[in-house]
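Visitor: Contents are TSV, C-alpha atoms; file name entry_14.tsv:
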```tsv
chain	number	residue	atom	x	y	z
A	15	MET	CA	122.48	89.05	80.82
A	16	ALA	CA	123.22	90.71	84.12
A	17	GLU	CA	120.04	92.73	83.85
A	18	LYS	CA	117.34	91.66	86.25
A	19	LYS	CA	114.22	90.47	84.45
A	20	TRP	CA	111.32	92.10	86.21
A	21	MET	CA	108.60	91.67	83.61
A	22	PRO	CA	106.61	88.45	83.12
A	23	ARG	CA	108.07	85.90	80.74
A	24	TRP	CA	105.53	86.47	77.97
A	25	PHE	CA	106.70	90.07	77.73
A	26	TYR	CA	110.16	88.90	76.71
A	27	GLN	CA	108.73	86.27	74.39
A	28	LEU	CA	106.64	88.98	72.77
A	29	ALA	CA	109.87	90.78	71.98
A	30	SER	CA	110.99	87.90	69.78
A	31	PRO	CA	109.80	88.40	66.19
A	32	ARG	CA	109.99	84.68	65.54
A	33	TRP	CA	107.87	83.79	68.56
A	34	CYS	CA	105.36	86.47	67.51
A	35	TYR	CA	105.20	85.09	63.99
A	36	GLU	CA	104.49	81.61	65.31
A	37	ILE	CA	101.89	82.63	67.90
A	38	THR	CA	100.00	84.88	65.47
A	39	GLY	CA	99.98	81.97	63.02
A	40	LYS	CA	98.06	79.98	65.61
A	41	LEU	CA	95.77	82.85	66.67
A	42	LEU	CA	94.86	83.97	63.13
A	43	PRO	CA	92.44	81.14	62.23
A	44	ILE	CA	90.66	81.47	65.60
A	45	PHE	CA	90.07	85.19	65.18
A	46	ALA	CA	89.22	84.79	61.50
A	47	ILE	CA	86.45	82.29	62.28
A	48	ALA	CA	85.21	84.44	65.17
A	49	ALA	CA	85.19	87.55	62.96
A	50	VAL	CA	83.30	85.90	60.09
A	51	ALA	CA	80.76	84.33	62.47
A	52	THR	CA	80.05	87.45	64.55
A	53	LEU	CA	79.98	89.80	61.56
A	54	LEU	CA	77.60	87.55	59.61
A	55	VAL	CA	75.26	86.99	62.55
A	56	GLY	CA	75.47	90.65	63.55
A	57	THR	CA	74.77	91.96	60.03
A	58	VAL	CA	71.74	89.74	59.44
A	59	TRP	CA	70.43	90.58	62.90
A	60	ALA	CA	71.06	94.30	62.38
A	61	LEU	CA	69.50	94.51	58.93
A	62	ALA	CA	66.55	92.15	59.18
A	63	PHE	CA	65.64	91.43	62.80
A	64	ALA	CA	66.45	94.46	64.94
A	65	PRO	CA	63.42	96.72	65.30
A	66	ALA	CA	63.32	100.04	63.43
A	67	ASP	CA	63.75	103.18	65.50
A	68	TYR	CA	60.44	104.94	66.21
A	69	GLN	CA	61.87	108.32	65.17
A	70	GLN	CA	64.55	107.49	62.63
A	71	GLY	CA	62.95	104.44	61.05
A	72	ASN	CA	65.27	102.11	59.21
A	73	SER	CA	68.12	104.59	58.70
A	74	PHE	CA	68.85	103.76	62.34
A	75	ARG	CA	70.36	100.47	61.11
A	76	ILE	CA	73.47	102.42	60.10
A	77	ILE	CA	74.32	102.48	63.82
A	78	TYR	CA	75.43	98.83	63.53
A	79	ILE	CA	78.31	99.93	61.30
A	80	HIS	CA	78.88	103.46	62.55
A	81	VAL	CA	79.27	102.77	66.29
A	82	PRO	CA	81.57	99.71	65.99
A	83	ALA	CA	83.70	101.58	63.42
A	84	SER	CA	83.97	104.65	65.66
A	85	ILE	CA	84.87	102.59	68.74
A	86	LEU	CA	87.42	100.59	66.79
A	87	ALA	CA	89.02	103.66	65.19
A	88	GLN	CA	89.71	105.04	68.68
A	89	SER	CA	90.81	101.71	70.23
A	90	CYS	CA	93.15	101.14	67.31
A	91	TYR	CA	94.67	104.58	67.86
A	92	MET	CA	95.22	103.87	71.55
A	93	MET	CA	96.80	100.53	70.74
A	94	MET	CA	99.08	102.20	68.18
A	95	ALA	CA	100.17	104.86	70.70
A	96	VAL	CA	100.76	102.32	73.50
A	97	ALA	CA	102.71	100.01	71.18
A	98	GLY	CA	104.73	103.01	70.02
A	99	ALA	CA	105.48	103.96	73.63
A	100	ILE	CA	106.58	100.40	74.46
A	101	GLY	CA	108.84	100.53	71.42
A	102	LEU	CA	110.31	103.85	72.57
A	103	ILE	CA	110.87	102.79	76.19
A	104	TRP	CA	112.00	99.16	75.85
A	105	LYS	CA	113.38	99.40	72.29
A	106	MET	CA	111.13	96.52	71.38
A	107	LYS	CA	111.11	95.97	67.61
A	108	VAL	CA	107.88	93.98	67.62
A	109	ALA	CA	106.05	96.82	69.38
A	110	ASP	CA	107.20	99.20	66.62
A	111	MET	CA	105.89	96.77	64.04
A	112	VAL	CA	102.52	96.52	65.82
A	113	ALA	CA	102.26	100.32	65.84
A	114	LYS	CA	103.09	100.45	62.13
A	115	ALA	CA	100.51	97.73	61.38
A	116	CYS	CA	97.76	99.61	63.23
A	117	ALA	CA	97.99	102.89	61.29
A	118	PRO	CA	96.54	101.93	57.88
A	119	ILE	CA	93.75	99.87	59.45
A	120	GLY	CA	92.87	102.70	61.80
A	121	ALA	CA	92.82	105.21	58.94
A	122	THR	CA	90.39	103.14	56.85
A	123	ILE	CA	88.17	102.49	59.87
A	124	ALA	CA	88.13	106.21	60.69
A	125	ILE	CA	87.06	106.85	57.07
A	126	LEU	CA	84.30	104.25	57.53
A	127	SER	CA	83.16	105.95	60.71
A	128	LEU	CA	83.08	109.39	59.06
A	129	ALA	CA	81.43	108.10	55.88
A	130	THR	CA	78.67	106.20	57.66
A	131	GLY	CA	78.21	109.18	59.96
A	132	ALA	CA	77.72	111.46	56.97
A	133	ILE	CA	75.33	109.00	55.31
A	134	TRP	CA	73.36	108.71	58.54
A	135	GLY	CA	73.43	112.48	59.05
A	136	LYS	CA	71.74	113.22	55.72
A	137	PRO	CA	68.33	111.63	56.50
A	138	THR	CA	68.55	112.38	60.24
A	139	TRP	CA	69.95	115.91	60.50
A	140	GLY	CA	69.33	116.92	56.89
A	141	SER	CA	73.04	117.49	56.29
A	142	TRP	CA	76.01	115.32	55.30
A	143	TRP	CA	78.41	117.26	57.46
A	144	VAL	CA	78.31	119.85	60.24
A	145	TRP	CA	81.37	121.40	61.90
A	146	ASP	CA	80.42	119.98	65.22
A	147	ALA	CA	82.86	119.01	68.01
A	148	ARG	CA	82.39	115.25	67.72
A	149	LEU	CA	82.66	115.21	63.93
A	150	THR	CA	85.61	117.59	63.85
A	151	SER	CA	87.59	115.68	66.49
A	152	MET	CA	86.93	112.46	64.58
A	153	LEU	CA	88.21	114.13	61.39
A	154	ILE	CA	91.34	115.12	63.34
A	155	LEU	CA	91.76	111.44	64.28
A	156	LEU	CA	91.76	110.56	60.58
A	157	PHE	CA	94.35	113.28	59.88
A	158	LEU	CA	96.51	111.94	62.74
A	159	TYR	CA	96.43	108.49	61.18
A	160	LEU	CA	97.30	109.90	57.76
A	161	GLY	CA	100.09	112.03	59.25
A	162	ILE	CA	101.54	108.99	61.01
A	163	ILE	CA	101.44	106.90	57.83
A	164	ALA	CA	103.09	109.71	55.84
A	165	LEU	CA	105.78	110.28	58.47
A	166	ASN	CA	106.54	106.58	58.69
A	167	SER	CA	106.97	106.24	54.95
A	168	ALA	CA	109.02	109.44	54.68
A	169	ILE	CA	111.81	108.18	56.96
A	170	GLU	CA	114.12	105.59	55.48
A	171	ASN	CA	115.56	104.12	58.68
A	172	ALA	CA	113.02	101.80	60.31
A	173	GLN	CA	114.04	102.62	63.87
A	174	THR	CA	114.03	106.40	63.40
A	175	ALA	CA	110.68	106.13	61.61
A	176	ALA	CA	109.23	104.11	64.49
A	177	GLN	CA	110.49	106.59	67.08
A	178	SER	CA	109.17	109.66	65.25
A	179	THR	CA	105.76	108.12	64.60
A	180	ALA	CA	105.53	106.93	68.23
A	181	VAL	CA	106.09	110.50	69.45
A	182	LEU	CA	103.49	111.86	67.02
A	183	ALA	CA	101.02	109.12	68.05
A	184	LEU	CA	101.55	109.92	71.74
A	185	VAL	CA	101.02	113.65	71.19
A	186	GLY	CA	97.85	112.89	69.22
A	187	LEU	CA	96.54	110.81	72.11
A	188	VAL	CA	95.06	114.01	73.62
A	189	ASN	CA	92.47	113.84	70.86
A	190	ILE	CA	90.96	110.60	72.23
A	191	PRO	CA	89.38	112.10	75.40
A	192	ILE	CA	88.34	115.09	73.29
A	193	ILE	CA	86.38	112.76	70.97
A	194	LYS	CA	84.90	110.93	73.95
A	195	TYR	CA	83.78	113.99	75.90
A	196	SER	CA	82.99	116.24	72.91
A	197	VAL	CA	79.30	115.37	73.22
A	198	ASP	CA	79.32	116.53	76.87
A	199	TRP	CA	81.61	119.55	76.60
A	200	TRP	CA	80.03	121.25	73.62
A	201	ASN	CA	76.51	121.67	72.34
A	202	THR	CA	76.25	119.16	69.60
A	203	LEU	CA	73.89	117.52	67.19
A	204	HIS	CA	75.56	114.21	67.81
A	205	GLN	CA	73.83	111.86	70.21
A	206	PRO	CA	75.72	110.71	73.33
A	207	ALA	CA	77.52	107.37	73.56
A	208	THR	CA	75.46	104.23	73.12
A	209	PHE	CA	77.61	102.08	75.37
A	210	THR	CA	79.05	103.24	78.68
A	211	LEU	CA	80.74	101.13	81.33
A	212	THR	CA	78.58	102.41	84.16
A	213	GLU	CA	75.05	102.45	82.78
A	214	ARG	CA	72.76	100.17	80.86
A	215	PRO	CA	72.20	101.30	77.26
A	216	ALA	CA	69.21	103.60	76.80
A	217	MET	CA	67.89	101.49	73.91
A	218	PRO	CA	66.05	98.18	74.31
A	219	SER	CA	68.05	94.96	74.29
A	220	GLU	CA	66.68	93.93	70.85
A	221	MET	CA	68.63	96.94	69.56
A	222	TRP	CA	71.83	96.88	71.59
A	223	VAL	CA	72.55	93.14	71.66
A	224	PRO	CA	73.16	92.98	67.89
A	225	LEU	CA	75.21	96.15	68.26
A	226	LEU	CA	77.39	94.42	70.84
A	227	VAL	CA	77.79	91.46	68.47
A	228	MET	CA	78.94	93.87	65.74
A	229	VAL	CA	81.41	95.58	68.08
A	230	ILE	CA	82.93	92.18	68.98
A	231	GLY	CA	82.97	91.29	65.27
A	232	PHE	CA	84.82	94.52	64.41
A	233	TYR	CA	87.40	93.83	67.12
A	234	CYS	CA	87.96	90.29	65.81
A	235	PHE	CA	88.30	91.66	62.28
A	236	PHE	CA	90.85	94.16	63.56
A	237	ALA	CA	92.83	91.37	65.26
A	238	VAL	CA	92.96	89.48	61.95
A	239	ALA	CA	93.90	92.51	59.83
A	240	MET	CA	96.52	93.65	62.36
A	241	MET	CA	98.14	90.21	62.67
A	242	LEU	CA	98.31	89.84	58.88
A	243	ARG	CA	100.14	93.16	58.56
A	244	LEU	CA	102.35	92.42	61.56
A	245	ARG	CA	103.43	89.09	60.07
A	246	ASN	CA	104.33	90.77	56.78
A	247	GLU	CA	106.35	93.35	58.66
A	248	ILE	CA	108.15	90.63	60.65
A	249	ILE	CA	109.20	88.61	57.61
A	250	GLN	CA	110.31	91.75	55.81
A	251	ARG	CA	112.46	93.03	58.64
A	252	GLU	CA	113.81	89.63	59.61
A	253	ARG	CA	114.48	88.52	56.04
A	254	ARG	CA	118.20	88.05	56.75
A	255	SER	CA	117.62	85.65	59.64
A	256	SER	CA	117.81	81.93	59.05
A	257	TRP	CA	114.29	81.09	60.21
A	258	VAL	CA	112.72	83.46	57.65
A	259	ARG	CA	115.02	82.04	54.98
A	260	ASP	CA	113.82	78.53	55.87
A	261	LEU	CA	110.22	79.74	55.86
A	262	ILE	CA	110.56	81.20	52.36
A	263	THR	CA	112.47	78.34	50.80
A	264	GLY	CA	109.94	76.03	52.43
B	30	MET	CA	61.68	89.78	61.07
B	31	SER	CA	61.02	93.51	60.91
B	32	PHE	CA	59.97	93.38	57.26
B	33	GLU	CA	56.88	91.96	55.54
B	34	SER	CA	58.44	91.41	52.11
B	35	PHE	CA	61.81	91.39	50.37
B	36	ALA	CA	60.95	94.59	48.51
B	37	GLU	CA	60.30	96.31	51.83
B	38	PHE	CA	63.63	95.01	53.12
B	39	ILE	CA	65.45	96.53	50.16
B	40	ASP	CA	63.55	99.81	50.44
B	41	MET	CA	64.27	100.22	54.20
B	42	GLY	CA	61.31	102.57	54.58
B	43	GLY	CA	62.66	104.92	51.91
B	44	HIS	CA	66.13	104.97	53.48
B	45	GLY	CA	67.41	102.03	51.43
B	46	LEU	CA	70.11	104.04	49.66
B	47	TYR	CA	71.61	105.31	52.93
B	48	VAL	CA	71.49	101.95	54.73
B	49	TRP	CA	72.82	99.83	51.86
B	50	LEU	CA	75.50	102.37	50.97
B	51	SER	CA	76.78	102.27	54.57
B	52	TYR	CA	76.93	98.49	54.62
B	53	ALA	CA	78.58	98.41	51.18
B	54	ILE	CA	81.34	100.80	52.31
B	55	ALA	CA	81.84	98.68	55.44
B	56	LEU	CA	82.21	95.58	53.29
B	57	ILE	CA	84.75	97.30	51.03
B	58	VAL	CA	86.79	98.55	54.01
B	59	ILE	CA	86.82	95.12	55.70
B	60	VAL	CA	87.65	93.16	52.54
B	61	THR	CA	90.46	95.56	51.52
B	62	ASN	CA	92.01	95.32	54.97
B	63	ILE	CA	92.20	91.53	54.64
B	64	VAL	CA	93.02	91.11	50.93
B	65	ASN	CA	95.68	93.84	50.86
B	66	PRO	CA	98.04	92.25	53.44
B	67	LEU	CA	97.46	88.79	51.92
B	68	MET	CA	98.55	90.03	48.49
B	69	HIS	CA	101.48	91.84	50.06
B	70	LYS	CA	102.55	88.60	51.77
B	71	ARG	CA	102.55	86.77	48.42
B	72	GLN	CA	104.65	89.52	46.90
B	73	ILE	CA	107.16	89.44	49.79
B	74	PHE	CA	107.55	85.67	49.48
B	75	ILE	CA	108.11	85.91	45.71
B	76	GLU	CA	110.67	88.72	46.10
B	77	GLN	CA	112.55	87.06	48.93
B	78	ALA	CA	112.61	83.69	47.19
B	79	SER	CA	114.15	85.24	44.07
B	80	ARG	CA	116.65	87.17	46.22
B	81	LEU	CA	117.68	83.95	47.96
B	82	ARG	CA	118.15	82.24	44.60
B	83	ARG	CA	120.33	85.11	43.37
B	84	GLU	CA	122.45	85.24	46.50
B	85	LYS	CA	122.91	81.51	46.75
B	86	PRO	CA	126.61	80.66	46.22
B	87	LYS	CA	127.28	78.56	43.14
B	88	SER	CA	127.33	74.96	44.17
```
What would the structure in this file look like if it were written as structure tokens?

Guide:
Amino acid sequence: MAEKKWMPRWFYQLASPRWCYEITGKLLPIFAIAAVATLLVGTVWALAFAPADYQQGNSFRIIYIHVPASILAQSCYMMMAVAGAIGLIWKMKVADMVAKACAPIGATIAILSLATGAIWGKPTWGSWWVWDARLTSMLILLFLYLGIIALNSAIENAQTAAQSTAVLALVGLVNIPIIKYSVDWWNTLHQPATFTLTERPAMPSEMWVPLLVMVIGFYCFFAVAMMLRLRNEIIQRERRSSWVRDLITG
Amino acid sequence: MSFESFAEFIDMGGHGLYVWLSYAIALIVIVTNIVNPLMHKRQIFIEQASRLRREKPKS
């Protein structure tokens, strides 16, 4: 290789499907334990110990699913778009596989966000759905995920499919700041963000600490789900290579 | 604890249906996202193993 290597070593290692398969095999149990622990603790805390909201009562407990799901649905989209871009620029196969692995998880999490939002909206706003900026932009996020999944499965060639979906994912990235700022830009029923980087949450710590635990739990769950799909994708695409053959024959 | 009794915990101040439905959907979404790739992995291994057996030159 005459090409000068100007990226750190792990970046090149990441490009090796075999190395990725091995490292995710080691990371999976760690994240799985972390996910189970944080989600269990968070759920019990959220349902039984966190105080009820003085206005919304106990329906407020839906926040512990709704907010982590909404944050994760957007983070997952950003990860998918960035992985897709890396795949486009550096022709990195593993990045394409990561992007492909993100889409179905993101779609189901976006559905969870919309469903819990609707369920929370009924007792709080008196309506399952309103065509409000935040809700509509979140629905668009779901459609982007579904479009990306459909496009990926419609194209036979894996590389062409990855390139097309990466472009669609990057175009759809404009929706992310729209979701984020929709509560500021338009008059909306939806309350503003619970967590911001610059300010302390407006709710007391007995309410937001379990929420933080749930957010961490959702991220750990995502890591597990994503790595499981990524590993399947790796063994499928690398099935002709000798290391996968050895893995399968045991 | 924010609840006096188990019945109160289930009722969630009259919002039980909304709260429990949300958590049930979350559970379904999380479990499907884990079980689905695990089942897919099993299927890939079975398919590839049978392909390798087929392609193996007669020895």

Visitor: Using all atoms listed in the file for the distances, tell me which of B:His44, B:Arg83, B:Arg71, B:Ala36 is nearest to chain A.

Guide: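 Closest to chain A of all the choices is B:His44.
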
Visitor: What does the distance between CA of Leu81 in chain B and CA of His69 in chain B come to in Å, to one decimal place?

Guide: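 Between these atoms lies a distance of 18.1 Å.
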
Visitor: Could you please determine the separation between CA of Ala121 in chain A and CA of Asn166 in chain A in Å, to one decimal place?

Guide: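 The value is 13.8 Å.
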
Visitor: Determine the nearest neighbour of chain B from the options A:Ile125, A:Ile100, A:Met92, A:Val229, counting only C-alpha atoms.

Guide: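 Between A:Ile125, A:Ile100, A:Met92, A:Val229, the residue approaching chain B most closely is A:Ile125.
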
Visitor: Could the residues of chain B within 6 Å of chain A, counting all atoms listed in the file, be given as a list of chain:residue names, please?

Guide: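 Here they are: B:Met30, B:Ser31, B:Met41, B:His44, B:Tyr47, B:Val48, B:Ser51, B:Asn62, B:Ile63, B:Pro66, B:Lys70.
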
Visitor: Go ahead and dump the residues you just picked, C-alpha atoms, as a PDB file, in the frame of the given file.

Guide:
```
ATOM      1  CA  MET B  30      61.680  89.780  61.070  1.00  0.00           C
ATOM      2  CA  SER B  31      61.020  93.510  60.910  1.00  0.00           C
ATOM      3  CA  MET B  41      64.270 100.220  54.200  1.00  0.00           C
ATOM      4  CA  HIS B  44      66.130 104.970  53.480  1.00  0.00           C
ATOM      5  CA  TYR B  47      71.610 105.310  52.930  1.00  0.00           C
ATOM      6  CA  VAL B  48      71.490 101.950  54.730  1.00  0.00           C
ATOM      7  CA  SER B  51      76.780 102.270  54.570  1.00  0.00           C
ATOM      8  CA  ASN B  62      92.010  95.320  54.970  1.00  0.00           C
ATOM      9  CA  ILE B  63      92.200  91.530  54.640  1.00  0.00           C
ATOM     10  CA  PRO B  66      98.040  92.250  53.440  1.00  0.00           C
ATOM     11  CA  LYS B  70     102.550  88.600  51.770  1.00  0.00           C
TER      12      LYS B  70
END
```

Visitor: Given only C-alpha atoms as the basis, pick out the residue of A:Leu128, A:Ile248, A:Cys234, A:Leu165 nearest to Pro43 in chain A.

Guide: A:Cys234

Visitor: Set the distance at 8 Å and use all atoms listed in the file: which residues neighbour Gly101 in chain A once local chain neighbours fewer than 4 positions away are removed? I'd like the list as an MDAnalysis selection string.

Guide: chainID A and resid 97 105:110 176:177 180

Visitor: Between CA of Asn189 in chain A and CA of Thr61 in chain B, what is the distance, to one decimal in Å?

Guide: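 Interatomic distance here is 26.7 Å.
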
Visitor: Within 9 Å of Val55 in chain A, counting all atoms listed in the file, which residues show up once you throw out same-chain ones fewer than 5 positions away? Write them as a list in words, please.

Guide: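 Result of the neighbour search: Val50, Ala60, Pro224, Val227 and Met228 of chain A.
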
Visitor: Taking only C-alpha atoms into account, name the residue in A:Phe209, A:Ile193, A:Val181, A:Ser219 that is nearest to Leu102 in chain A.

Guide: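 Nearest candidate to Leu102 in chain A out of A:Phe209, A:Ile193, A:Val181, A:Ser219: A:Val181.
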